[in-house]
$ cat coords.cif   # mmCIF, N, CA, C and O atoms
data_entry
loop_
_atom_site.label_atom_id
_atom_site.label_comp_id
_atom_site.auth_asym_id
_atom_site.auth_seq_id
_atom_site.Cartn_x
_atom_site.Cartn_y
_atom_site.Cartn_z
N MET A 10 49.02 136.23 138.16
CA MET A 10 47.85 135.45 137.81
C MET A 10 46.66 136.38 137.68
O MET A 10 46.37 137.18 138.54
N SER A 11 45.95 136.26 136.58
CA SER A 11 44.79 137.10 136.32
C SER A 11 43.53 136.43 136.84
O SER A 11 43.34 135.23 136.69
N LEU A 12 42.67 137.21 137.47
CA LEU A 12 41.41 136.68 137.97
C LEU A 12 40.27 136.94 137.00
O LEU A 12 39.13 136.67 137.30
N GLY A 13 40.57 137.48 135.81
CA GLY A 13 39.56 137.77 134.80
C GLY A 13 39.04 136.50 134.16
O GLY A 13 39.39 135.39 134.54
N ALA A 14 38.21 136.69 133.17
CA ALA A 14 37.61 135.57 132.44
C ALA A 14 38.71 134.79 131.72
O ALA A 14 39.68 135.37 131.23
N PRO A 15 38.56 133.47 131.65
CA PRO A 15 39.54 132.65 130.94
C PRO A 15 39.58 133.03 129.46
O PRO A 15 38.57 133.43 128.89
N GLN A 16 40.75 132.92 128.87
CA GLN A 16 40.90 133.21 127.45
C GLN A 16 40.22 132.12 126.62
O GLN A 16 40.07 130.99 127.05
N ALA A 17 39.84 132.51 125.40
CA ALA A 17 39.28 131.53 124.47
C ALA A 17 40.37 130.54 124.09
O ALA A 17 41.55 130.88 124.00
N ARG A 18 39.96 129.32 123.85
CA ARG A 18 40.89 128.28 123.44
C ARG A 18 40.63 127.92 121.98
O ARG A 18 39.48 127.70 121.59
N GLU A 19 41.69 127.87 121.21
CA GLU A 19 41.59 127.55 119.79
C GLU A 19 41.44 126.05 119.61
O GLU A 19 42.31 125.28 120.00
N LEU A 20 40.34 125.62 119.00
CA LEU A 20 40.09 124.20 118.79
C LEU A 20 40.49 123.75 117.38
O LEU A 20 40.86 122.60 117.18
N ALA A 21 40.38 124.66 116.42
CA ALA A 21 40.75 124.35 115.04
C ALA A 21 41.09 125.65 114.33
O ALA A 21 40.59 126.71 114.68
N VAL A 22 41.96 125.53 113.33
CA VAL A 22 42.35 126.71 112.55
C VAL A 22 42.59 126.28 111.11
O VAL A 22 43.03 125.15 110.85
N ARG A 23 42.28 127.18 110.19
CA ARG A 23 42.58 126.92 108.78
C ARG A 23 42.81 128.25 108.07
O ARG A 23 42.29 129.29 108.48
N ASP A 24 43.60 128.20 107.01
CA ASP A 24 43.90 129.36 106.18
C ASP A 24 43.62 128.98 104.73
O ASP A 24 43.99 127.89 104.29
N SER A 25 43.01 129.91 104.00
CA SER A 25 42.75 129.68 102.59
C SER A 25 42.68 131.01 101.87
O SER A 25 41.80 131.83 102.17
N ASP A 26 43.61 131.24 100.96
CA ASP A 26 43.60 132.43 100.11
C ASP A 26 43.46 133.73 100.90
O ASP A 26 42.66 134.60 100.57
N GLY A 27 44.22 133.83 101.98
CA GLY A 27 44.21 135.06 102.77
C GLY A 27 43.12 135.14 103.81
O GLY A 27 43.00 136.14 104.52
N VAL A 28 42.30 134.11 103.93
CA VAL A 28 41.23 134.08 104.94
C VAL A 28 41.65 133.12 106.04
O VAL A 28 41.92 131.94 105.79
N HIS A 29 41.72 133.64 107.27
CA HIS A 29 42.14 132.88 108.45
C HIS A 29 40.89 132.61 109.30
O HIS A 29 40.21 133.55 109.71
N VAL A 30 40.57 131.33 109.52
CA VAL A 30 39.36 130.94 110.26
C VAL A 30 39.77 130.15 111.49
O VAL A 30 40.59 129.23 111.40
N ARG A 31 39.18 130.52 112.64
CA ARG A 31 39.46 129.81 113.89
C ARG A 31 38.16 129.42 114.57
O ARG A 31 37.21 130.20 114.63
N LEU A 32 38.12 128.20 115.09
CA LEU A 32 37.02 127.73 115.93
C LEU A 32 37.48 127.88 117.37
O LEU A 32 38.53 127.34 117.75
N LEU A 33 36.74 128.65 118.15
CA LEU A 33 37.14 128.98 119.52
C LEU A 33 36.14 128.48 120.54
O LEU A 33 34.92 128.54 120.33
N TRP A 34 36.67 128.00 121.67
CA TRP A 34 35.84 127.62 122.81
C TRP A 34 36.10 128.62 123.92
O TRP A 34 37.26 128.93 124.24
N HIS A 35 35.04 129.14 124.50
CA HIS A 35 35.12 130.11 125.59
C HIS A 35 34.71 129.39 126.88
O HIS A 35 33.51 129.24 127.15
N PRO A 36 35.68 128.89 127.66
CA PRO A 36 35.37 128.04 128.81
C PRO A 36 34.54 128.73 129.89
O PRO A 36 33.75 128.07 130.56
N GLY A 37 34.68 130.03 130.06
CA GLY A 37 33.91 130.73 131.09
C GLY A 37 32.42 130.67 130.84
O GLY A 37 31.61 130.61 131.76
N ASP A 38 32.05 130.68 129.55
CA ASP A 38 30.64 130.61 129.15
C ASP A 38 30.26 129.25 128.59
O ASP A 38 29.10 129.02 128.28
N ASN A 39 31.26 128.38 128.41
CA ASN A 39 31.09 127.11 127.73
C ASN A 39 30.39 127.34 126.38
O ASN A 39 29.43 126.68 126.04
N ALA A 40 30.90 128.33 125.64
CA ALA A 40 30.33 128.71 124.35
C ALA A 40 31.37 128.56 123.25
O ALA A 40 32.57 128.56 123.51
N LEU A 41 30.87 128.43 122.02
CA LEU A 41 31.74 128.32 120.86
C LEU A 41 31.53 129.51 119.93
O LEU A 41 30.42 130.06 119.85
N SER A 42 32.59 129.88 119.22
CA SER A 42 32.47 130.92 118.21
C SER A 42 33.43 130.61 117.08
O SER A 42 34.37 129.82 117.22
N VAL A 43 33.17 131.24 115.94
CA VAL A 43 34.05 131.16 114.79
C VAL A 43 34.53 132.57 114.50
O VAL A 43 33.72 133.49 114.39
N ALA A 44 35.85 132.75 114.41
CA ALA A 44 36.45 134.05 114.12
C ALA A 44 37.08 133.99 112.73
O ALA A 44 37.78 133.03 112.40
N VAL A 45 36.80 135.02 111.94
CA VAL A 45 37.30 135.08 110.57
C VAL A 45 38.07 136.39 110.38
O VAL A 45 37.58 137.45 110.77
N GLU A 46 39.26 136.29 109.81
CA GLU A 46 40.06 137.46 109.46
C GLU A 46 40.41 137.35 107.99
O GLU A 46 40.99 136.36 107.56
N ASP A 47 40.02 138.36 107.22
CA ASP A 47 40.29 138.39 105.79
C ASP A 47 41.41 139.39 105.52
O ASP A 47 41.19 140.60 105.55
N ALA A 48 42.61 138.88 105.28
CA ALA A 48 43.77 139.74 105.07
C ALA A 48 43.64 140.55 103.78
O ALA A 48 44.15 141.66 103.69
N ARG A 49 42.95 140.02 102.80
CA ARG A 49 42.79 140.73 101.53
C ARG A 49 41.93 141.97 101.71
O ARG A 49 42.24 143.03 101.19
N ALA A 50 40.84 141.84 102.41
CA ALA A 50 39.90 142.96 102.61
C ALA A 50 40.26 143.79 103.83
O ALA A 50 39.76 144.90 103.99
N GLY A 51 41.08 143.23 104.72
CA GLY A 51 41.47 143.95 105.92
C GLY A 51 40.36 144.04 106.97
O GLY A 51 40.33 144.98 107.75
N ASP A 52 39.47 143.07 106.99
CA ASP A 52 38.43 143.07 108.00
C ASP A 52 38.19 141.66 108.52
O ASP A 52 38.85 140.72 108.11
N GLY A 53 37.25 141.53 109.41
CA GLY A 53 36.93 140.24 109.99
C GLY A 53 35.68 140.31 110.81
O GLY A 53 35.06 141.37 110.96
N PHE A 54 35.30 139.16 111.35
CA PHE A 54 34.11 139.07 112.19
C PHE A 54 34.20 137.84 113.07
O PHE A 54 35.02 136.95 112.83
N GLN A 55 33.37 137.81 114.08
CA GLN A 55 33.27 136.66 114.97
C GLN A 55 31.80 136.38 115.21
O GLN A 55 31.03 137.31 115.45
N ILE A 56 31.41 135.12 115.13
CA ILE A 56 30.01 134.74 115.33
C ILE A 56 29.92 133.63 116.37
O ILE A 56 30.77 132.75 116.42
N ALA A 57 28.89 133.70 117.18
CA ALA A 57 28.60 132.61 118.13
C ALA A 57 27.94 131.49 117.35
O ALA A 57 27.15 131.74 116.43
N VAL A 58 28.26 130.26 117.70
CA VAL A 58 27.68 129.11 117.02
C VAL A 58 27.22 128.06 118.03
O VAL A 58 27.83 127.91 119.10
N ALA A 59 26.16 127.36 117.68
CA ALA A 59 25.67 126.27 118.52
C ALA A 59 26.63 125.09 118.42
O ALA A 59 27.24 124.86 117.37
N PRO A 60 26.79 124.34 119.50
CA PRO A 60 27.73 123.21 119.48
C PRO A 60 27.48 122.22 118.35
O PRO A 60 28.43 121.71 117.75
N ASP A 61 26.23 121.96 118.03
CA ASP A 61 25.93 120.98 116.99
C ASP A 61 26.17 121.52 115.58
O ASP A 61 26.13 120.78 114.61
N ARG A 62 26.45 122.83 115.43
CA ARG A 62 26.72 123.44 114.13
C ARG A 62 28.15 123.97 114.02
O ARG A 62 28.52 124.58 113.03
N ALA A 63 28.97 123.74 115.04
CA ALA A 63 30.29 124.36 115.12
C ALA A 63 31.19 123.99 113.95
O ALA A 63 31.81 124.88 113.35
N LEU A 64 31.30 122.73 113.61
CA LEU A 64 32.19 122.34 112.50
C LEU A 64 31.67 122.84 111.17
O LEU A 64 32.45 123.26 110.31
N ASP A 65 30.36 122.83 110.98
CA ASP A 65 29.80 123.35 109.74
C ASP A 65 30.08 124.85 109.62
O ASP A 65 30.46 125.33 108.56
N ALA A 66 29.90 125.58 110.72
CA ALA A 66 30.19 127.02 110.72
C ALA A 66 31.68 127.28 110.51
O ALA A 66 32.04 128.25 109.85
N PHE A 67 32.53 126.43 111.04
CA PHE A 67 33.97 126.56 110.85
C PHE A 67 34.33 126.42 109.37
O PHE A 67 35.16 127.16 108.85
N HIS A 68 33.69 125.49 108.68
CA HIS A 68 33.99 125.25 107.26
C HIS A 68 33.26 126.22 106.34
O HIS A 68 33.70 126.44 105.21
N HIS A 69 32.16 126.82 106.78
CA HIS A 69 31.35 127.72 105.95
C HIS A 69 30.96 128.98 106.74
O HIS A 69 29.77 129.28 106.89
N PRO A 70 31.93 129.74 107.26
CA PRO A 70 31.59 130.86 108.14
C PRO A 70 30.80 131.98 107.47
O PRO A 70 29.98 132.62 108.11
N PHE A 71 31.02 132.20 106.17
CA PHE A 71 30.32 133.29 105.51
C PHE A 71 28.83 133.00 105.38
O PHE A 71 28.00 133.90 105.40
N ALA A 72 28.47 131.72 105.27
CA ALA A 72 27.05 131.35 105.22
C ALA A 72 26.37 131.63 106.56
O ALA A 72 25.21 132.04 106.60
N TYR A 73 27.08 131.45 107.65
CA TYR A 73 26.52 131.69 108.98
C TYR A 73 26.51 133.17 109.34
O TYR A 73 25.72 133.60 110.17
N ALA A 74 27.36 133.94 108.71
CA ALA A 74 27.42 135.38 109.00
C ALA A 74 26.34 136.16 108.26
O ALA A 74 26.04 137.29 108.61
N ALA A 75 25.78 135.55 107.23
CA ALA A 75 24.76 136.26 106.42
C ALA A 75 23.45 136.43 107.14
O ALA A 75 23.11 135.80 108.06
#

$ encode --input "coords.cif" --output "C-alpha cells"
Amino acid sequence: MSLGAPQARELAVRDSDGVHVRLLWHPGDNALSVAVEDARAGDGFQIAVAPDRALDAFHHPFAYAA
C-alpha cells in the first residue's frame, strides 16, 4: 500500500483523429485537469480547469491551452 498522493481518476475520455483527451479528477487536491495526447504530433499537455468549465475544456482543450 502506497502512502503517496492518490492517483488521478479518469472521469471522461474521448479519441478523435489521433488526439486522446481525458478529464481527470485529482482527489488529493480536489482539482480537475484535462490531459491531451496527440499521437500525430507526438506531444501533449495537461491543463488545470475550474469545475464549472471542466466539460467545456474537455470538449475544446486547445482553446483552453492557448

$ residues_near_point --input "coords.cif" --point "(34.2, 126.0, 124.9)" --cutoff "12 Å" --atoms "only C-alpha atoms" --output "list in words"
Pro15, Gln16, Ala17, Arg18, Glu19, Leu20, Ala21, Leu32, Leu33, Trp34, His35, Pro36, Gly37, Asp38, Asn39, Ala40, Leu41, Ser42, Val43, Ala57, Val58, Ala59, Pro60 and Ala63 of chain A

$ resolve_selection --input "coords.cif" --expression "the PyMOL selection byres ((chain A and resi 55) around 6)" --output "PyMOL selection string"
chain A and resi 43-45+53-54+56-57

$ write_last_selection --input "coords.cif" --atoms "N, CA, C and O atoms" --output "short mmCIF file (atom, residue, chain, number, x, y, z; two decimals), keeping the file's coordinate frame"
data_model
loop_
_atom_site.label_atom_id
_atom_site.label_comp_id
_atom_site.auth_asym_id
_atom_site.auth_seq_id
_atom_site.Cartn_x
_atom_site.Cartn_y
_atom_site.Cartn_z
N VAL A 43 33.17 131.24 115.94
CA VAL A 43 34.05 131.16 114.79
C VAL A 43 34.53 132.57 114.50
O VAL A 43 33.72 133.49 114.39
N ALA A 44 35.85 132.75 114.41
CA ALA A 44 36.45 134.05 114.12
C ALA A 44 37.08 133.99 112.73
O ALA A 44 37.78 133.03 112.40
N VAL A 45 36.80 135.02 111.94
CA VAL A 45 37.30 135.08 110.57
C VAL A 45 38.07 136.39 110.38
O VAL A 45 37.58 137.45 110.77
N GLY A 53 37.25 141.53 109.41
CA GLY A 53 36.93 140.24 109.99
C GLY A 53 35.68 140.31 110.81
O GLY A 53 35.06 141.37 110.96
N PHE A 54 35.30 139.16 111.35
CA PHE A 54 34.11 139.07 112.19
C PHE A 54 34.20 137.84 113.07
O PHE A 54 35.02 136.95 112.83
N ILE A 56 31.41 135.12 115.13
CA ILE A 56 30.01 134.74 115.33
C ILE A 56 29.92 133.63 116.37
O ILE A 56 30.77 132.75 116.42
N ALA A 57 28.89 133.70 117.18
CA ALA A 57 28.60 132.61 118.13
C ALA A 57 27.94 131.49 117.35
O ALA A 57 27.15 131.74 116.43
#

$ residues_near_point --input "coords.cif" --point "(47.7, 134.4, 109.5)" --cutoff "12 Å" --atoms "only C-alpha atoms" --output "mmCIF file with N, CA, C and O atoms, keeping the file's coordinate frame"
data_model
loop_
_atom_site.group_PDB
_atom_site.id
_atom_site.type_symbol
_atom_site.label_atom_id
_atom_site.label_comp_id
_atom_site.auth_asym_id
_atom_site.auth_seq_id
_atom_site.Cartn_x
_atom_site.Cartn_y
_atom_site.Cartn_z
ATOM 1 N N VAL A 22 41.960 125.530 113.330
ATOM 2 C CA VAL A 22 42.350 126.710 112.550
ATOM 3 C C VAL A 22 42.590 126.280 111.110
ATOM 4 O O VAL A 22 43.030 125.150 110.850
ATOM 5 N N ARG A 23 42.280 127.180 110.190
ATOM 6 C CA ARG A 23 42.580 126.920 108.780
ATOM 7 C C ARG A 23 42.810 128.250 108.070
ATOM 8 O O ARG A 23 42.290 129.290 108.480
ATOM 9 N N ASP A 24 43.600 128.200 107.010
ATOM 10 C CA ASP A 24 43.900 129.360 106.180
ATOM 11 C C ASP A 24 43.620 128.980 104.730
ATOM 12 O O ASP A 24 43.990 127.890 104.290
ATOM 13 N N SER A 25 43.010 129.910 104.000
ATOM 14 C CA SER A 25 42.750 129.680 102.590
ATOM 15 C C SER A 25 42.680 131.010 101.870
ATOM 16 O O SER A 25 41.800 131.830 102.170
ATOM 17 N N ASP A 26 43.610 131.240 100.960
ATOM 18 C CA ASP A 26 43.600 132.430 100.110
ATOM 19 C C ASP A 26 43.460 133.730 100.900
ATOM 20 O O ASP A 26 42.660 134.600 100.570
ATOM 21 N N GLY A 27 44.220 133.830 101.980
ATOM 22 C CA GLY A 27 44.210 135.060 102.770
ATOM 23 C C GLY A 27 43.120 135.140 103.810
ATOM 24 O O GLY A 27 43.000 136.140 104.520
ATOM 25 N N VAL A 28 42.300 134.110 103.930
ATOM 26 C CA VAL A 28 41.230 134.080 104.940
ATOM 27 C C VAL A 28 41.650 133.120 106.040
ATOM 28 O O VAL A 28 41.920 131.940 105.790
ATOM 29 N N HIS A 29 41.720 133.640 107.270
ATOM 30 C CA HIS A 29 42.140 132.880 108.450
ATOM 31 C C HIS A 29 40.890 132.610 109.300
ATOM 32 O O HIS A 29 40.210 133.550 109.710
ATOM 33 N N VAL A 30 40.570 131.330 109.520
ATOM 34 C CA VAL A 30 39.360 130.940 110.260
ATOM 35 C C VAL A 30 39.770 130.150 111.490
ATOM 36 O O VAL A 30 40.590 129.230 111.400
ATOM 37 N N ARG A 31 39.180 130.520 112.640
ATOM 38 C CA ARG A 31 39.460 129.810 113.890
ATOM 39 C C ARG A 31 38.160 129.420 114.570
ATOM 40 O O ARG A 31 37.210 130.200 114.630
ATOM 41 N N VAL A 45 36.800 135.020 111.940
ATOM 42 C CA VAL A 45 37.300 135.080 110.570
ATOM 43 C C VAL A 45 38.070 136.390 110.380
ATOM 44 O O VAL A 45 37.580 137.450 110.770
ATOM 45 N N GLU A 46 39.260 136.290 109.810
ATOM 46 C CA GLU A 46 40.060 137.460 109.460
ATOM 47 C C GLU A 46 40.410 137.350 107.990
ATOM 48 O O GLU A 46 40.990 136.360 107.560
ATOM 49 N N ASP A 47 40.020 138.360 107.220
ATOM 50 C CA ASP A 47 40.290 138.390 105.790
ATOM 51 C C ASP A 47 41.410 139.390 105.520
ATOM 52 O O ASP A 47 41.190 140.600 105.550
ATOM 53 N N ALA A 48 42.610 138.880 105.280
ATOM 54 C CA ALA A 48 43.770 139.740 105.070
ATOM 55 C C ALA A 48 43.640 140.550 103.780
ATOM 56 O O ALA A 48 44.150 141.660 103.690
ATOM 57 N N ARG A 49 42.950 140.020 102.800
ATOM 58 C CA ARG A 49 42.790 140.730 101.530
ATOM 59 C C ARG A 49 41.930 141.970 101.710
ATOM 60 O O ARG A 49 42.240 143.030 101.190
ATOM 61 N N GLY A 51 41.080 143.230 104.720
ATOM 62 C CA GLY A 51 41.470 143.950 105.920
ATOM 63 C C GLY A 51 40.360 144.040 106.970
ATOM 64 O O GLY A 51 40.330 144.980 107.750
#

$ axis_aligned_box --input "coords.cif" --around "region 34-44 of chain A" --padding-each-side "8 Å" --output "lines of an AutoDock Vina configuration file"
center_x = 33.4
center_y = 130.4
center_z = 122.1
size_x = 24.7
size_y = 23.4
size_z = 35.4

$ select_by_dssp --input "coords.cif" --residues "chain A" --states "alpha helix (DSSP H)" --output "VMD selection string"
chain A and resid 63 to 68 70 to 74

$ decode --input "coords.cif" --residues "chain A" --atoms "C-alpha atoms" --output "compact mmCIF listing (two decimals), in the first residue's frame"
# COMPACT_ATOMS: atom_id res chain seq x y z
CA MET A 10 0.00 0.00 0.00
CA SER A 11 1.37 3.37 -1.03
CA LEU A 12 1.11 6.33 1.33
CA GLY A 13 1.73 8.82 -1.51
CA ALA A 14 -0.81 11.10 -3.11
CA PRO A 15 -3.87 9.38 -4.59
CA GLN A 16 -3.77 8.78 -8.32
CA ALA A 17 -5.86 10.89 -10.67
CA ARG A 18 -9.20 9.37 -11.58
CA GLU A 19 -10.40 9.39 -15.16
CA LEU A 20 -13.88 10.90 -15.40
CA ALA A 21 -14.24 11.01 -19.19
CA VAL A 22 -12.21 10.06 -22.24
CA ARG A 23 -12.51 10.60 -25.96
CA ASP A 24 -10.43 9.95 -29.08
CA SER A 25 -10.62 11.81 -32.36
CA ASP A 26 -8.21 11.61 -35.30
CA GLY A 27 -5.24 10.60 -33.19
CA VAL A 28 -5.97 13.03 -30.34
CA HIS A 29 -6.66 11.38 -26.97
CA VAL A 30 -8.39 13.64 -24.39
CA ARG A 31 -9.01 12.76 -20.74
CA LEU A 32 -10.84 14.64 -17.99
CA LEU A 33 -9.10 13.86 -14.69
CA TRP A 34 -10.03 14.40 -11.06
CA HIS A 35 -7.20 14.66 -8.54
CA PRO A 36 -8.81 13.68 -5.20
CA GLY A 37 -5.86 14.78 -3.03
CA ASP A 38 -6.31 18.36 -4.23
CA ASN A 39 -9.96 18.04 -5.25
CA ALA A 40 -8.85 19.54 -8.57
CA LEU A 41 -9.68 18.85 -12.20
CA SER A 42 -7.46 18.78 -15.26
CA VAL A 43 -7.66 17.94 -18.93
CA ALA A 44 -4.84 15.86 -20.45
CA VAL A 45 -4.28 15.79 -24.20
CA GLU A 46 -2.02 13.42 -26.15
CA ASP A 47 -1.60 13.98 -29.88
CA ALA A 48 -0.29 10.78 -31.47
CA ARG A 49 0.18 12.50 -34.83
CA ALA A 50 2.48 15.21 -33.48
CA GLY A 51 3.95 13.06 -30.71
CA ASP A 52 3.30 15.58 -27.96
CA GLY A 53 0.74 16.51 -25.35
CA PHE A 54 -0.17 18.78 -22.49
CA GLN A 55 -2.20 18.92 -19.31
CA ILE A 56 -4.11 21.94 -18.04
CA ALA A 57 -5.86 22.66 -14.76
CA VAL A 58 -9.51 23.63 -15.19
CA ALA A 59 -12.15 25.16 -12.95
CA PRO A 60 -15.01 22.80 -12.05
CA ASP A 61 -17.59 24.96 -13.81
CA ARG A 62 -15.53 24.88 -17.06
CA ALA A 63 -14.41 21.23 -16.95
CA LEU A 64 -16.73 19.81 -19.62
CA ASP A 65 -16.16 22.74 -21.95
CA ALA A 66 -12.39 22.34 -21.55
CA PHE A 67 -12.75 18.59 -22.14
CA HIS A 68 -14.53 19.24 -25.45
CA HIS A 69 -12.31 22.20 -26.50
CA PRO A 70 -8.90 21.67 -24.84
CA PHE A 71 -6.88 23.56 -27.44
CA ALA A 72 -8.90 26.72 -26.79
CA TYR A 73 -8.07 26.50 -23.09
CA ALA A 74 -4.38 25.79 -23.73
CA ALA A 75 -3.92 28.95 -25.80
